[in-house]
Number of protein chains: 2
Amino acid sequence: MATDHNGVTVWFTGLSGAGKSTIAERLLAVLQDQGIKSELLDGDIVRTNLSKGLGFSKEDRDTNIRRIGFVSDLLTRNGVVSIVSAISPYREVRDEVREQIGDFIEVHVHASLDELVKRDVKGLYEKALKGEIPNFTGVSDPYEEPLNPEVLVNTEEEEIEESLGKVLAALEERDIIPSGASRELAGVAT
Amino acid sequence: MATDHNGVTVWFTGLSGAGKSTIAERLLAVLQDQGIKSELLDGDIVRTNLSKGLGFSKEDRDTNIRRIGFVSDLLTRNGVVSIVSAISPYREVRDEVREQIGDFIEVHVHASLDELVKRDVKGLYEKALKGEIPNFTGVSDPYEEPLNPEVLVNTEEEEIEESLGKVLAALEERDIIPSGASRELAGVAT
């Protein structure tokens, strides 16, 4: 039975467009394929289901993160791999959530602002740089990088398989996936 | 291993002071004592962690219930017995949550208004009857009784062991506790 491992929260933080949700979704697919209980709490979905009405002030962002943290804690302590994908720009509340949950892997998904402006998949950076979106993280709102994340991925330099492999290696260390399995599960050519 | 059962949501609905949380807490203690993964989402705690800022209009109450339902669904589908204790006065949103979750036991915790006014543990009914608390369910706000709950307990006539036994019997039917165990676990004299 692959189901009786401990739970853990895998918390993806980073700027909009950096690739958090892309890696998080791949991770979810890999884990579910292995029969490992896992859930993805995606920032956008959570805003619909838990945080409708909240805005993007620091206070509202912190409230949103605390709610995600509350739910992720419930899942984690019941043996689920709870994957969170949320910009979560403020260090203090991320650390608060980390302390609350305990079993916590912080994944900083990094790409430079230049790169993100170049990608601009949703056209948001262009608008934000024109001043059309207030409180846009990285442009008109702060992003406080993790000082000591368990995993740092750089989507500007890495293929997704490499980034995913790093996250899976962290799960391997915690005996959530079998020892030695991370590279193969990530689809890294050997 | 007692951990590999299916999850289920046990949803306690009823007026303030009827005994929802008392039975829910006893149920949680019994299940955890049996090593069964279980969580209690209590209305008051949830209002702090998920729904700060929401009031007691029908719309806000429905939003609160949908949030609890969202979380309870996540727990239930990961094999947890998710116990919810919330007045949840509106039938339509209760049924919406039931449909979303699927594995759902609705427990109507009933006591007459006369009895609740007599108990009035928190002094709320007195204030509500004086008009000092607006939107107080059962006095100045509607309570829509479940039409067909899986379990109906009457705390005006039953000892807590009897009420708890009924809930445990419903869990026995779903193979979450061993067959024949409900009376003993409830502490019913045999």
# chains A, B, ... in the order shown; residues from 1 in each chain; ligands from 1
>>> residues_around(residues="B:Leu124", least_positions_apart="3", cutoff="9 Å", atoms="only C-alpha atoms", output="JSON, numbers by chain")
{"B": [16, 117, 120, 121, 127, 128, 129, 133, 136]}
>>> residues_around(residues="A:Thr76", least_positions_apart="2", cutoff="12 Å", atoms="only C-alpha atoms", output="PyMOL selection string")
(chain A and resi 5-11+37-40+68-74+78-84+98+100-105) or (chain B and resi 37+74-75+78+80)
>>> closest_residue(among="B:Arg66, B:Arg47, B:Arg26, B:His110", to="chain A", atoms="only C-alpha atoms")
B:Arg66
>>> select_by_dssp(residues="stretch 2-188 of chain B", states="alpha helix (DSSP H)", output="PDB file with N, CA and C atoms, in the first residue's frame")
ATOM      1  N   LYS B  20     -25.284  19.962  19.268  1.00  0.00           N
ATOM      2  CA  LYS B  20     -24.465  19.526  18.128  1.00  0.00           C
ATOM      3  C   LYS B  20     -23.003  19.313  18.526  1.00  0.00           C
ATOM      4  N   SER B  21     -22.417  20.351  19.085  1.00  0.00           N
ATOM      5  CA  SER B  21     -20.971  20.275  19.367  1.00  0.00           C
ATOM      6  C   SER B  21     -20.665  19.250  20.446  1.00  0.00           C
ATOM      7  N   THR B  22     -21.566  19.126  21.407  1.00  0.00           N
ATOM      8  CA  THR B  22     -21.346  18.147  22.481  1.00  0.00           C
ATOM      9  C   THR B  22     -21.272  16.731  21.908  1.00  0.00           C
ATOM     10  N   ILE B  23     -22.222  16.391  21.058  1.00  0.00           N
ATOM     11  CA  ILE B  23     -22.209  15.044  20.455  1.00  0.00           C
ATOM     12  C   ILE B  23     -21.022  14.919  19.497  1.00  0.00           C
ATOM     13  N   ALA B  24     -20.776  15.980  18.735  1.00  0.00           N
ATOM     14  CA  ALA B  24     -19.679  15.946  17.750  1.00  0.00           C
ATOM     15  C   ALA B  24     -18.334  15.717  18.439  1.00  0.00           C
ATOM     16  N   GLU B  25     -18.140  16.376  19.560  1.00  0.00           N
ATOM     17  CA  GLU B  25     -16.859  16.215  20.279  1.00  0.00           C
ATOM     18  C   GLU B  25     -16.719  14.807  20.841  1.00  0.00           C
ATOM     19  N   ARG B  26     -17.827  14.264  21.356  1.00  0.00           N
ATOM     20  CA  ARG B  26     -17.775  12.882  21.854  1.00  0.00           C
ATOM     21  C   ARG B  26     -17.477  11.914  20.715  1.00  0.00           C
ATOM     22  N   LEU B  27     -18.111  12.174  19.579  1.00  0.00           N
ATOM     23  CA  LEU B  27     -17.878  11.323  18.408  1.00  0.00           C
ATOM     24  C   LEU B  27     -16.407  11.365  17.991  1.00  0.00           C
ATOM     25  N   LEU B  28     -15.851  12.564  17.934  1.00  0.00           N
ATOM     26  CA  LEU B  28     -14.438  12.714  17.567  1.00  0.00           C
ATOM     27  C   LEU B  28     -13.552  11.918  18.524  1.00  0.00           C
ATOM     28  N   ALA B  29     -13.831  12.038  19.822  1.00  0.00           N
ATOM     29  CA  ALA B  29     -13.012  11.335  20.820  1.00  0.00           C
ATOM     30  C   ALA B  29     -13.084   9.826  20.620  1.00  0.00           C
ATOM     31  N   VAL B  30     -14.284   9.308  20.377  1.00  0.00           N
ATOM     32  CA  VAL B  30     -14.454   7.866  20.166  1.00  0.00           C
ATOM     33  C   VAL B  30     -13.680   7.412  18.928  1.00  0.00           C
ATOM     34  N   LEU B  31     -13.801   8.161  17.836  1.00  0.00           N
ATOM     35  CA  LEU B  31     -13.148   7.748  16.588  1.00  0.00           C
ATOM     36  C   LEU B  31     -11.629   7.817  16.722  1.00  0.00           C
ATOM     37  N   GLN B  32     -11.146   8.886  17.329  1.00  0.00           N
ATOM     38  CA  GLN B  32      -9.690   9.003  17.462  1.00  0.00           C
ATOM     39  C   GLN B  32      -9.146   7.921  18.383  1.00  0.00           C
ATOM     40  N   ASP B  33      -9.925   7.583  19.379  1.00  0.00           N
ATOM     41  CA  ASP B  33      -9.541   6.503  20.279  1.00  0.00           C
ATOM     42  C   ASP B  33      -9.426   5.173  19.523  1.00  0.00           C
ATOM     43  N   GLY B  43     -18.423  24.983  13.731  1.00  0.00           N
ATOM     44  CA  GLY B  43     -18.860  26.258  13.163  1.00  0.00           C
ATOM     45  C   GLY B  43     -18.094  27.464  13.694  1.00  0.00           C
ATOM     46  N   ASP B  44     -17.898  27.506  15.000  1.00  0.00           N
ATOM     47  CA  ASP B  44     -17.233  28.676  15.576  1.00  0.00           C
ATOM     48  C   ASP B  44     -15.770  28.758  15.153  1.00  0.00           C
ATOM     49  N   ILE B  45     -15.094  27.612  15.156  1.00  0.00           N
ATOM     50  CA  ILE B  45     -13.680  27.590  14.775  1.00  0.00           C
ATOM     51  C   ILE B  45     -13.537  27.953  13.299  1.00  0.00           C
ATOM     52  N   VAL B  46     -14.450  27.421  12.511  1.00  0.00           N
ATOM     53  CA  VAL B  46     -14.395  27.692  11.083  1.00  0.00           C
ATOM     54  C   VAL B  46     -14.637  29.171  10.802  1.00  0.00           C
ATOM     55  N   ARG B  47     -15.525  29.760  11.562  1.00  0.00           N
ATOM     56  CA  ARG B  47     -15.763  31.201  11.346  1.00  0.00           C
ATOM     57  C   ARG B  47     -14.497  32.005  11.611  1.00  0.00           C
ATOM     58  N   THR B  48     -13.684  31.559  12.525  1.00  0.00           N
ATOM     59  CA  THR B  48     -12.416  32.244  12.789  1.00  0.00           C
ATOM     60  C   THR B  48     -11.407  32.001  11.671  1.00  0.00           C
ATOM     61  N   ASN B  49     -11.305  30.763  11.232  1.00  0.00           N
ATOM     62  CA  ASN B  49     -10.227  30.394  10.318  1.00  0.00           C
ATOM     63  C   ASN B  49     -10.553  30.530   8.837  1.00  0.00           C
ATOM     64  N   LYS B  58     -28.509  35.562   4.976  1.00  0.00           N
ATOM     65  CA  LYS B  58     -28.606  34.268   4.294  1.00  0.00           C
ATOM     66  C   LYS B  58     -27.407  34.061   3.371  1.00  0.00           C
ATOM     67  N   GLU B  59     -27.032  35.095   2.642  1.00  0.00           N
ATOM     68  CA  GLU B  59     -25.918  34.962   1.698  1.00  0.00           C
ATOM     69  C   GLU B  59     -24.607  34.599   2.417  1.00  0.00           C
ATOM     70  N   ASP B  60     -24.340  35.307   3.505  1.00  0.00           N
ATOM     71  CA  ASP B  60     -23.093  35.035   4.229  1.00  0.00           C
ATOM     72  C   ASP B  60     -23.129  33.662   4.898  1.00  0.00           C
ATOM     73  N   ARG B  61     -24.283  33.287   5.423  1.00  0.00           N
ATOM     74  CA  ARG B  61     -24.393  31.944   6.015  1.00  0.00           C
ATOM     75  C   ARG B  61     -24.148  30.882   4.947  1.00  0.00           C
ATOM     76  N   ASP B  62     -24.729  31.092   3.787  1.00  0.00           N
ATOM     77  CA  ASP B  62     -24.548  30.100   2.708  1.00  0.00           C
ATOM     78  C   ASP B  62     -23.073  30.025   2.290  1.00  0.00           C
ATOM     79  N   THR B  63     -22.419  31.166   2.214  1.00  0.00           N
ATOM     80  CA  THR B  63     -20.988  31.173   1.864  1.00  0.00           C
ATOM     81  C   THR B  63     -20.196  30.396   2.903  1.00  0.00           C
ATOM     82  N   ASN B  64     -20.512  30.633   4.170  1.00  0.00           N
ATOM     83  CA  ASN B  64     -19.826  29.922   5.252  1.00  0.00           C
ATOM     84  C   ASN B  64     -20.002  28.407   5.105  1.00  0.00           C
ATOM     85  N   ILE B  65     -21.221  27.987   4.830  1.00  0.00           N
ATOM     86  CA  ILE B  65     -21.500  26.549   4.700  1.00  0.00           C
ATOM     87  C   ILE B  65     -20.791  25.966   3.475  1.00  0.00           C
ATOM     88  N   ARG B  66     -20.759  26.725   2.386  1.00  0.00           N
ATOM     89  CA  ARG B  66     -20.049  26.232   1.197  1.00  0.00           C
ATOM     90  C   ARG B  66     -18.559  26.070   1.476  1.00  0.00           C
ATOM     91  N   ARG B  67     -17.983  26.970   2.240  1.00  0.00           N
ATOM     92  CA  ARG B  67     -16.551  26.845   2.570  1.00  0.00           C
ATOM     93  C   ARG B  67     -16.305  25.607   3.425  1.00  0.00           C
ATOM     94  N   ILE B  68     -17.167  25.409   4.425  1.00  0.00           N
ATOM     95  CA  ILE B  68     -17.019  24.208   5.246  1.00  0.00           C
ATOM     96  C   ILE B  68     -17.171  22.973   4.363  1.00  0.00           C
ATOM     97  N   GLY B  69     -18.125  23.042   3.448  1.00  0.00           N
ATOM     98  CA  GLY B  69     -18.352  21.918   2.538  1.00  0.00           C
ATOM     99  C   GLY B  69     -17.138  21.636   1.658  1.00  0.00           C
ATOM    100  N   PHE B  70     -16.509  22.673   1.176  1.00  0.00           N
ATOM    101  CA  PHE B  70     -15.304  22.534   0.335  1.00  0.00           C
ATOM    102  C   PHE B  70     -14.207  21.800   1.110  1.00  0.00           C
ATOM    103  N   VAL B  71     -13.992  22.216   2.350  1.00  0.00           N
ATOM    104  CA  VAL B  71     -12.941  21.605   3.168  1.00  0.00           C
ATOM    105  C   VAL B  71     -13.326  20.179   3.547  1.00  0.00           C
ATOM    106  N   SER B  72     -14.584  19.993   3.904  1.00  0.00           N
ATOM    107  CA  SER B  72     -15.037  18.664   4.312  1.00  0.00           C
ATOM    108  C   SER B  72     -14.941  17.677   3.157  1.00  0.00           C
ATOM    109  N   ASP B  73     -15.189  18.159   1.968  1.00  0.00           N
ATOM    110  CA  ASP B  73     -15.056  17.319   0.772  1.00  0.00           C
ATOM    111  C   ASP B  73     -13.602  16.872   0.580  1.00  0.00           C
ATOM    112  N   LEU B  74     -12.672  17.807   0.733  1.00  0.00           N
ATOM    113  CA  LEU B  74     -11.245  17.470   0.601  1.00  0.00           C
ATOM    114  C   LEU B  74     -10.857  16.383   1.597  1.00  0.00           C
ATOM    115  N   LEU B  75     -11.331  16.529   2.840  1.00  0.00           N
ATOM    116  CA  LEU B  75     -10.994  15.543   3.867  1.00  0.00           C
ATOM    117  C   LEU B  75     -11.654  14.200   3.562  1.00  0.00           C
ATOM    118  N   THR B  76     -12.936  14.253   3.225  1.00  0.00           N
ATOM    119  CA  THR B  76     -13.708  13.026   3.014  1.00  0.00           C
ATOM    120  C   THR B  76     -13.116  12.193   1.888  1.00  0.00           C
ATOM    121  N   ARG B  91     -31.841  24.579   4.010  1.00  0.00           N
ATOM    122  CA  ARG B  91     -31.883  23.234   3.421  1.00  0.00           C
ATOM    123  C   ARG B  91     -31.156  23.168   2.087  1.00  0.00           C
ATOM    124  N   GLU B  92     -31.377  24.189   1.266  1.00  0.00           N
ATOM    125  CA  GLU B  92     -30.851  24.127  -0.102  1.00  0.00           C
ATOM    126  C   GLU B  92     -29.326  24.013  -0.119  1.00  0.00           C
ATOM    127  N   VAL B  93     -28.656  24.800   0.700  1.00  0.00           N
ATOM    128  CA  VAL B  93     -27.185  24.760   0.679  1.00  0.00           C
ATOM    129  C   VAL B  93     -26.672  23.492   1.367  1.00  0.00           C
ATOM    130  N   ARG B  94     -27.427  22.999   2.361  1.00  0.00           N
ATOM    131  CA  ARG B  94     -27.037  21.703   2.946  1.00  0.00           C
ATOM    132  C   ARG B  94     -27.093  20.622   1.877  1.00  0.00           C
ATOM    133  N   ASP B  95     -28.161  20.649   1.086  1.00  0.00           N
ATOM    134  CA  ASP B  95     -28.305  19.624   0.042  1.00  0.00           C
ATOM    135  C   ASP B  95     -27.255  19.786  -1.054  1.00  0.00           C
ATOM    136  N   GLU B  96     -26.884  21.026  -1.316  1.00  0.00           N
ATOM    137  CA  GLU B  96     -25.835  21.297  -2.309  1.00  0.00           C
ATOM    138  C   GLU B  96     -24.513  20.671  -1.842  1.00  0.00           C
ATOM    139  N   VAL B  97     -24.208  20.857  -0.575  1.00  0.00           N
ATOM    140  CA  VAL B  97     -22.976  20.331  -0.009  1.00  0.00           C
ATOM    141  C   VAL B  97     -23.023  18.797   0.020  1.00  0.00           C
ATOM    142  N   ARG B  98     -24.181  18.255   0.374  1.00  0.00           N
ATOM    143  CA  ARG B  98     -24.362  16.801   0.358  1.00  0.00           C
ATOM    144  C   ARG B  98     -24.044  16.230  -1.015  1.00  0.00           C
ATOM    145  N   GLU B  99     -24.572  16.880  -2.025  1.00  0.00           N
ATOM    146  CA  GLU B  99     -24.370  16.383  -3.388  1.00  0.00           C
ATOM    147  C   GLU B  99     -22.899  16.473  -3.796  1.00  0.00           C
ATOM    148  N   GLN B 100     -22.267  17.563  -3.411  1.00  0.00           N
ATOM    149  CA  GLN B 100     -20.850  17.768  -3.734  1.00  0.00           C
ATOM    150  C   GLN B 100     -19.984  16.676  -3.095  1.00  0.00           C
ATOM    151  N   ILE B 101     -20.286  16.364  -1.854  1.00  0.00           N
ATOM    152  CA  ILE B 101     -19.438  15.445  -1.093  1.00  0.00           C
ATOM    153  C   ILE B 101     -19.751  13.979  -1.394  1.00  0.00           C
ATOM    154  N   LEU B 113     -37.822  24.631  20.830  1.00  0.00           N
ATOM    155  CA  LEU B 113     -37.409  25.984  21.197  1.00  0.00           C
ATOM    156  C   LEU B 113     -37.657  26.224  22.685  1.00  0.00           C
ATOM    157  N   ASP B 114     -38.788  25.743  23.201  1.00  0.00           N
ATOM    158  CA  ASP B 114     -39.066  25.877  24.643  1.00  0.00           C
ATOM    159  C   ASP B 114     -37.916  25.343  25.485  1.00  0.00           C
ATOM    160  N   GLU B 115     -37.471  24.154  25.115  1.00  0.00           N
ATOM    161  CA  GLU B 115     -36.380  23.518  25.848  1.00  0.00           C
ATOM    162  C   GLU B 115     -35.086  24.334  25.739  1.00  0.00           C
ATOM    163  N   LEU B 116     -34.827  24.848  24.539  1.00  0.00           N
ATOM    164  CA  LEU B 116     -33.579  25.605  24.333  1.00  0.00           C
ATOM    165  C   LEU B 116     -33.593  26.912  25.113  1.00  0.00           C
ATOM    166  N   VAL B 117     -34.770  27.537  25.163  1.00  0.00           N
ATOM    167  CA  VAL B 117     -34.907  28.769  25.945  1.00  0.00           C
ATOM    168  C   VAL B 117     -34.693  28.453  27.420  1.00  0.00           C
ATOM    169  N   LYS B 118     -35.186  27.287  27.848  1.00  0.00           N
ATOM    170  CA  LYS B 118     -35.009  26.870  29.243  1.00  0.00           C
ATOM    171  C   LYS B 118     -33.512  26.627  29.540  1.00  0.00           C
ATOM    172  N   ARG B 119     -32.827  25.903  28.621  1.00  0.00           N
ATOM    173  CA  ARG B 119     -31.391  25.624  28.834  1.00  0.00           C
ATOM    174  C   ARG B 119     -30.591  26.924  28.781  1.00  0.00           C
ATOM    175  N   LEU B 124     -28.005  33.340  25.136  1.00  0.00           N
ATOM    176  CA  LEU B 124     -28.271  33.962  23.838  1.00  0.00           C
ATOM    177  C   LEU B 124     -29.757  34.050  23.521  1.00  0.00           C
ATOM    178  N   TYR B 125     -30.507  33.019  23.939  1.00  0.00           N
ATOM    179  CA  TYR B 125     -31.940  33.019  23.612  1.00  0.00           C
ATOM    180  C   TYR B 125     -32.655  34.179  24.310  1.00  0.00           C
ATOM    181  N   GLU B 126     -32.276  34.416  25.557  1.00  0.00           N
ATOM    182  CA  GLU B 126     -32.898  35.533  26.274  1.00  0.00           C
ATOM    183  C   GLU B 126     -32.692  36.834  25.503  1.00  0.00           C
ATOM    184  N   LYS B 127     -31.451  37.052  25.103  1.00  0.00           N
ATOM    185  CA  LYS B 127     -31.149  38.270  24.343  1.00  0.00           C
ATOM    186  C   LYS B 127     -31.880  38.301  23.004  1.00  0.00           C
ATOM    187  N   ALA B 128     -31.898  37.154  22.360  1.00  0.00           N
ATOM    188  CA  ALA B 128     -32.549  37.106  21.040  1.00  0.00           C
ATOM    189  C   ALA B 128     -34.038  37.390  21.165  1.00  0.00           C
ATOM    190  N   LEU B 129     -34.666  36.818  22.205  1.00  0.00           N
ATOM    191  CA  LEU B 129     -36.105  37.017  22.397  1.00  0.00           C
ATOM    192  C   LEU B 129     -36.421  38.476  22.742  1.00  0.00           C
ATOM    193  N   ILE B 160     -27.115  11.483  26.066  1.00  0.00           N
ATOM    194  CA  ILE B 160     -26.117  11.674  25.004  1.00  0.00           C
ATOM    195  C   ILE B 160     -25.624  10.334  24.451  1.00  0.00           C
ATOM    196  N   GLU B 161     -25.541   9.306  25.326  1.00  0.00           N
ATOM    197  CA  GLU B 161     -25.070   7.995  24.858  1.00  0.00           C
ATOM    198  C   GLU B 161     -26.006   7.451  23.769  1.00  0.00           C
ATOM    199  N   GLU B 162     -27.286   7.688  23.955  1.00  0.00           N
ATOM    200  CA  GLU B 162     -28.253   7.189  22.975  1.00  0.00           C
ATOM    201  C   GLU B 162     -28.104   7.935  21.644  1.00  0.00           C
ATOM    202  N   SER B 163     -27.962   9.250  21.728  1.00  0.00           N
ATOM    203  CA  SER B 163     -27.785  10.054  20.510  1.00  0.00           C
ATOM    204  C   SER B 163     -26.491   9.655  19.793  1.00  0.00           C
ATOM    205  N   LEU B 164     -25.427   9.560  20.562  1.00  0.00           N
ATOM    206  CA  LEU B 164     -24.135   9.168  19.995  1.00  0.00           C
ATOM    207  C   LEU B 164     -24.215   7.779  19.368  1.00  0.00           C
ATOM    208  N   GLY B 165     -24.931   6.885  20.042  1.00  0.00           N
ATOM    209  CA  GLY B 165     -25.097   5.526  19.523  1.00  0.00           C
ATOM    210  C   GLY B 165     -25.761   5.502  18.155  1.00  0.00           C
ATOM    211  N   LYS B 166     -26.724   6.388  17.967  1.00  0.00           N
ATOM    212  CA  LYS B 166     -27.396   6.442  16.665  1.00  0.00           C
ATOM    213  C   LYS B 166     -26.428   6.864  15.552  1.00  0.00           C
ATOM    214  N   VAL B 167     -25.580   7.828  15.878  1.00  0.00           N
ATOM    215  CA  VAL B 167     -24.608   8.292  14.882  1.00  0.00           C
ATOM    216  C   VAL B 167     -23.596   7.184  14.592  1.00  0.00           C
ATOM    217  N   LEU B 168     -23.144   6.538  15.649  1.00  0.00           N
ATOM    218  CA  LEU B 168     -22.177   5.455  15.465  1.00  0.00           C
ATOM    219  C   LEU B 168     -22.783   4.297  14.675  1.00  0.00           C
ATOM    220  N   ALA B 169     -24.075   4.053  14.882  1.00  0.00           N
ATOM    221  CA  ALA B 169     -24.732   2.995  14.107  1.00  0.00           C
ATOM    222  C   ALA B 169     -24.696   3.312  12.610  1.00  0.00           C
ATOM    223  N   ALA B 170     -24.839   4.596  12.289  1.00  0.00           N
ATOM    224  CA  ALA B 170     -24.768   4.992  10.874  1.00  0.00           C
ATOM    225  C   ALA B 170     -23.355   4.785  10.327  1.00  0.00           C
ATOM    226  N   LEU B 171     -22.351   4.976  11.175  1.00  0.00           N
ATOM    227  CA  LEU B 171     -20.961   4.733  10.737  1.00  0.00           C
ATOM    228  C   LEU B 171     -20.673   3.240  10.627  1.00  0.00           C
ATOM    229  N   GLU B 172     -21.355   2.476  11.458  1.00  0.00           N
ATOM    230  CA  GLU B 172     -21.235   1.021  11.395  1.00  0.00           C
ATOM    231  C   GLU B 172     -21.795   0.509  10.069  1.00  0.00           C
ATOM    232  N   GLU B 173     -22.929   1.048   9.686  1.00  0.00           N
ATOM    233  CA  GLU B 173     -23.544   0.669   8.395  1.00  0.00           C
ATOM    234  C   GLU B 173     -22.614   0.915   7.229  1.00  0.00           C
ATOM    235  N   SER B 182     -21.202  -0.194  17.746  1.00  0.00           N
ATOM    236  CA  SER B 182     -21.695   1.157  18.027  1.00  0.00           C
ATOM    237  C   SER B 182     -22.201   1.337  19.456  1.00  0.00           C
ATOM    238  N   ARG B 183     -22.938   0.352  19.970  1.00  0.00           N
ATOM    239  CA  ARG B 183     -23.516   0.538  21.310  1.00  0.00           C
ATOM    240  C   ARG B 183     -22.414   0.617  22.371  1.00  0.00           C
ATOM    241  N   GLU B 184     -21.447  -0.281  22.237  1.00  0.00           N
ATOM    242  CA  GLU B 184     -20.377  -0.274  23.234  1.00  0.00           C
ATOM    243  C   GLU B 184     -19.560   1.020  23.161  1.00  0.00           C
ATOM    244  N   LEU B 185     -19.233   1.426  21.927  1.00  0.00           N
ATOM    245  CA  LEU B 185     -18.441   2.650  21.774  1.00  0.00           C
ATOM    246  C   LEU B 185     -19.186   3.879  22.286  1.00  0.00           C
ATOM    247  N   ALA B 186     -20.499   3.834  22.186  1.00  0.00           N
ATOM    248  CA  ALA B 186     -21.294   4.975  22.654  1.00  0.00           C
ATOM    249  C   ALA B 186     -21.440   4.975  24.169  1.00  0.00           C
TER     250      ALA B 186
END
>>> select_by_dssp(residues="stretch 13-118 of chain B", states="strand (DSSP E or B)", output="number ranges by chain")
B: 13, 38-42, 81-85, 104-110
>>> closest_residue(among="A:Arg174, A:Arg77, A:Lys122, A:His108", to="chain B", atoms="only C-alpha atoms")
A:Arg77
>>> closest_residue(among="A:Glu157, A:Ile36, A:Ser140, A:Glu150", to="chain B", atoms="only C-alpha atoms")
A:Ile36
>>> closest_residue(among="B:Gly123, B:Gly187, B:Pro134, B:Gly35", to="chain A", atoms="only C-alpha atoms")
B:Gly35
>>> atom_distance(atom1="atom CA of A:Pro149", atom2="atom CA of A:Val107")
6.0 Å
>>> closest_residue(among="B:Val188, B:Ala181, B:Leu54, B:Ala111", to="chain A", atoms="only C-alpha atoms")
B:Leu54
>>> closest_residue(among="A:Glu156, A:Asp141, A:Leu41, A:Asn135", to="chain B", atoms="only C-alpha atoms")
A:Leu41
>>> atom_distance(atom1="atom CA of A:Pro89", atom2="atom CA of A:Glu145")
7.5 Å
